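Report on one structure; see the data block that follows.
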Amino acid sequence: MGTRLGALVERLGGQLVGDPNLEVSGIAPLTDAGVSHISFLSNSKLRAQAVRSQAAALIVAAADDDFIAAGYSGARIVTPNPYVYFARAAQYFAALDEIVPAAGVHASAVVAAGARVHASAHIGARVVVEEGAVIGADAVIDAGCYIGRDAVIGAATHFFANVTFHARCQIGARGIVHSGAVIGTDGFGFANEGGVYIKIPQTGRVMIGDDVDIGANTTIDRGALADTIIEDGVKLDNQIQIGHNCHIGAHTAMAGCVGVAGSARIGKYCTFGGAAMVLGHLTIADRVHISSGSMVSRSILEPGQYTGFYPLAKNADWEKTAAIVRNLDTMRDKIRALEKTIKTLTHQDHKSEEPS
Amino acid sequence: MGTRLGALVERLGGQLVGDPNLEVSGIAPLTDAGVSHISFLSNSKLRAQAVRSQAAALIVAAADDDFIAAGYSGARIVTPNPYVYFARAAQYFAALDEIVPAAGVHASAVVAAGARVHASAHIGARVVVEEGAVIGADAVIDAGCYIGRDAVIGAATHFFANVTFHARCQIGARGIVHSGAVIGTDGFGFANEGGVYIKIPQTGRVMIGDDVDIGANTTIDRGALADTIIEDGVKLDNQIQIGHNCHIGAHTAMAGCVGVAGSARIGKYCTFGGAAMVLGHLTIADRVHISSGSMVSRSILEPGQYTGFYPLAKNADWEKTAAIVRNLDTMRDKIRALEKTIKTLTHQDHKSEEPS
Amino acid sequence: MGTRLGALVERLGGQLVGDPNLEVSGIAPLTDAGVSHISFLSNSKLRAQAVRSQAAALIVAAADDDFIAAGYSGARIVTPNPYVYFARAAQYFAALDEIVPAAGVHASAVVAAGARVHASAHIGARVVVEEGAVIGADAVIDAGCYIGRDAVIGAATHFFANVTFHARCQIGARGIVHSGAVIGTDGFGFANEGGVYIKIPQTGRVMIGDDVDIGANTTIDRGALADTIIEDGVKLDNQIQIGHNCHIGAHTAMAGCVGVAGSARIGKYCTFGGAAMVLGHLTIADRVHISSGSMVSRSILEPGQYTGFYPLAKNADWEKTAAIVRNLDTMRDKIRALEKTIKTLTHQDHKSEEPS
């Protein structure tokens, strides 16, 4: 299905230069866009490429518009942030093709008598909803999900197939939880008695705000006594582990395979590259950016980009440098010895220059 | 629900100083405890804070008791290890609130005719139990779990929702397996013929002892020919990967995201920090402690704490140091050259001091 | 069940020296093989051990055969690659014991009216197959799997219990997907508007070739607009994360816990050790081998072995060396200062040697 440019601009804003009745079938990057597509220029360096695009229409920033207008004959939508406009337009086109699941509970689902499922919600095949759970308006719970006792799922939140959402945990509106995610599993808490671990019951919850995305096979532990908190707008990729009692500030994003140990307190608007790791009980300020593969072993109280991974090398070179790293203290001692010797030498030189 | 102090001490031991009929509603840390709570002092440095606590009762060690008694007017339970007592008391309170699942098999479960399920076990909605599987007394198998052919689940072991436990694997008594865990998947074993991988069937099992906890989305491979062994009391956090034919000694604990490659042999009473990695075919002695984010690339035969991760820095600083790390051999060569030059210089000096 | 040596050689080839009617019950490594087993010598260093083996028959390479023949009285199968022969023989024995699941759809499965399931395929208990999905001949879909709308599963492909395979994704013939794997989850794509993330719909697919194995709890993202591609013969271990739009070349293998960020293009015949990480948008040539725990932060255009992880040490030693690493620029500056001083000194010496 496609749309008229005019309909798109009515919905998403932007200044249309061109025919509002022009039909476009979808959105594509500059290199792939065909004559029925709309495309976008989000990087001024690609201006020349944009001008040569076959796309029926281009989304451009005001700063690029004169350049584009001079060489490109298609329609233009001028907007402050073409990449954001692209995202919204892609959502618009995706919605046209979307098969909205029907409201109601699939015959094979097992919904407890005391659960409250909104009439507009979709409960897929084989879903289990335990006693006291609440599922909001327009929520979509795909096949095979498990919703624990007294859990709360907000309006228009979408669980993909096979999510596990444990007792008493809550998620707000417009969230997306991907397949295999486990929310509200026990935290890893034990007392040790003579080498033997005694489990500390994990009685807190996971409390998740609005507009939160949680990736496939990501796990979030419930709090030990207090709650684990995920604020509004947080985006978690796949295979992330969040320990008990963590607090993750609004609009922080983490790429795949990140691990956050228990009781870490992470600020707002942070980003974590893939496989970054955060030790427990640390504090990380707002607007901190951790590079992929970096181990955060101390609190970070100032915004900025932080990194810590061993640089990749040909294996033979790594073997050499790693051997030196292991003995850096020897190297340091040699330098000290050299400095001392030099000092003696220059001192002798000095003396020899003195009148004798 | 709450309890009388006297009932608590009857069950858990410790010396009660105060009124056994005092009612307490739950347990909380020093900072959070209200007037109906019991709290605990597990760190002598917090003595002053403990004295000011509002808690109705405090769990204290003998060494702290005089100090506490002098300034605190509530009841006291004196015990050798207050943190362990806290864990047991928390279990006690959690049990009061627990909704014990009813014995029996849910109507939507699919249990093979030849499976043996103990009458006291709970089999939740949508569970599948294959032929020949044995499920022990008081076991709890929550919704959506899969129990393979001839698998054995010990008494009072609890599988949370959506666990996969494959054919012929066994777990002992009082275990806990969290959602999304996969036990007994094929190990990663191939022969390579001209670049193409030929699968080696994985016909061993996973054999798990008593009192073992396995975290959410953790995976444990079955052995190739022999078995993968997890001894009693092992505690595994979420998203851990254990390769085929590993042997993990009793009471070893691993934090989230740890990976252990095949045929590693790990001792008893070890600890592994989050995201630590162990290469295959290594031996790790008893009481070895691996720091978070460390790569264990050789066997460790002596107890102790071991670490290996690149220290985090501001990205600009990391770029500088990483560039130097890549060229550490150049630095080493420069030092050698300096040493040689200095030797020549000091030798000349020496000579010049000799009578000529 | 066992087999005659003659039957084995008829199926798998190799030159049999010995009685074709000899019955063998299975295959085992040299150290474990009993008198009814067949074993194999894949490493010439173990020749002496092989000669002492109790096995009824040995698989040997031509180069080892004279040595073995001289000291070993059992039967021999001579073949170019004994380890590959072992793999195939192990498959042969495993097939003898295998319980082949019956063709047909389990009564508890939920298969959409418009899905096409081949009559020879097995659909286990509680499986959900959505509209338009196609499941090929002899495919085995174990209990609890979810097959999304219009997904395509090739002939003789086996999904273990609780796999999630999303809409429109495809996998070829003879694949194996292990429990908990999630194929075709949304990629992690957002535009950022003033700190708030706007989701970019992920409308591509995951396209998987023939003979691909995917490990337990591994996740593969669908493409954003184009597809994520996994070529023939790729082997992925457990808990691997493959980002959107990645392209993984044929016969590449990745060990557990590897992470590959979006749009990485990886060649054929590569290997990745456990927990190796690859940043997004990189190109990795054919026949590149990445060591375990290494972070690939730049494209690699030449074959070879590459490594980058901090060497493990006793914690006290690590603390020393890590402190030095943090200050390597100071060390470098000291060396420069020393070089300068030395230059001055040697220059002075030179001058003093000149006739004055």
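Residues are named by chain letter and number: chains run A, B, ... in the order of the structure tokens, numbers start at 1 in each chain, and ligands are numbered from 1 in the order shown.
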
Practice task
Pick out the chain B residues within 8 Å of chain A. Count only C-alpha atoms. Give them as a ChimeraX atom specification.
Solution key: /B:28,81,83-84,87-88,90-91,94,125-126,143-144,161-162,178-180,216-217,233,235,237-239,251,255-257,269,274-275,292-293,309-315,318,322,325-329,332,335,338-339,342,346

Practice task
Might you pull out every residue within 12 Å of Gln49 of chain A, with only C-alpha atoms counted and same-chain residues fewer than 6 positions away left off, and present them as a list of chain:residue names?
Solution key: A:Pro29, A:Leu30, A:Thr31, A:Asp32, A:Ala33, A:Ser39, A:Phe40, A:Leu41, A:Ser42, A:Asn43, A:Ala55, A:Leu58, A:Phe67, A:Ile68, A:Gly71, A:Tyr72

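The smallest atom-to-atom distance between Val140 of chain A and any of A:Val152, A:Ile77, A:Ala264, A:Ala103, using only C-alpha atoms, is found for A:Ala103.
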
Practice task
Find, counting only C-alpha atoms, the residue in C:Gly132, C:Gly209, C:Gly34, C:Gly6 that gets nearest to Arg76 of chain C.
Solution key: C:Gly6

Problem - Residue contacts of Ile135 of chain B (7 Å, only C-alpha atoms) excluding same-chain residues fewer than 3 positions away, as a VMD selection string - result: chain B and resid 116 to 118 139 152 to 154

Written selection (N, CA and C atoms) as a tab-separated table (two decimals), in the first residue's frame:
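Listed below is the output, out32.tsv:
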chain	number	residue	atom	x	y	z
B	116	ARG	N	6.53	-40.20	34.94
B	116	ARG	CA	6.12	-40.42	36.31
B	116	ARG	C	6.18	-39.11	37.08
B	117	VAL	N	5.03	-38.56	37.38
B	117	VAL	CA	4.94	-37.30	38.09
B	117	VAL	C	4.45	-37.60	39.51
B	118	HIS	N	5.22	-37.20	40.53
B	118	HIS	CA	4.82	-37.44	41.92
B	118	HIS	C	3.51	-36.72	42.21
B	139	ALA	N	7.96	-31.09	43.71
B	139	ALA	CA	8.54	-30.28	42.62
B	139	ALA	C	7.48	-29.34	42.09
B	152	VAL	N	15.11	-36.28	34.69
B	152	VAL	CA	14.79	-36.53	36.10
B	152	VAL	C	14.89	-35.22	36.87
B	153	ILE	N	13.81	-34.85	37.54
B	153	ILE	CA	13.75	-33.62	38.35
B	153	ILE	C	13.58	-34.03	39.81
B	154	GLY	N	14.50	-33.58	40.66
B	154	GLY	CA	14.50	-34.01	42.06
B	154	GLY	C	13.40	-33.37	42.90

Exercise for the section: Pick out the residues sitting within 8 Å of segment 13-26 of chain B, and hand them over as JSON, numbers by chain; count only C-alpha atoms, and ignore anything fewer than 3 positions along from it in its own chain. Expected result: {"B": [1, 2, 3, 4, 5, 6, 7, 8, 9, 10, 36, 37, 38, 56, 74, 75, 76, 77, 78, 79, 90, 93]}

Practice task
Assign secondary structure with DSSP using the backbone only, and return the residues of segment 153-339 of chain C in alpha helix (DSSP H) as a ChimeraX atom specification.
Solution key: /C:315-326,328-339

Exercise for the section: Mind the document's chain letters and residue numbers, and return as a PyMOL selection string the residues of segment 139-335 of chain B that DSSP labels strand (DSSP E or B). Expected result: chain B and resi 140-141+146-147+152-153+158-159+164-165+170-171+176-177+182-185+190-193+196-199+206-208+213-214+219-221+228-230+235-236+241-242+247-248+253-254+259-260+265-266+271-272+277-278+283-284+288-290+295-296+300+304-307+313-314
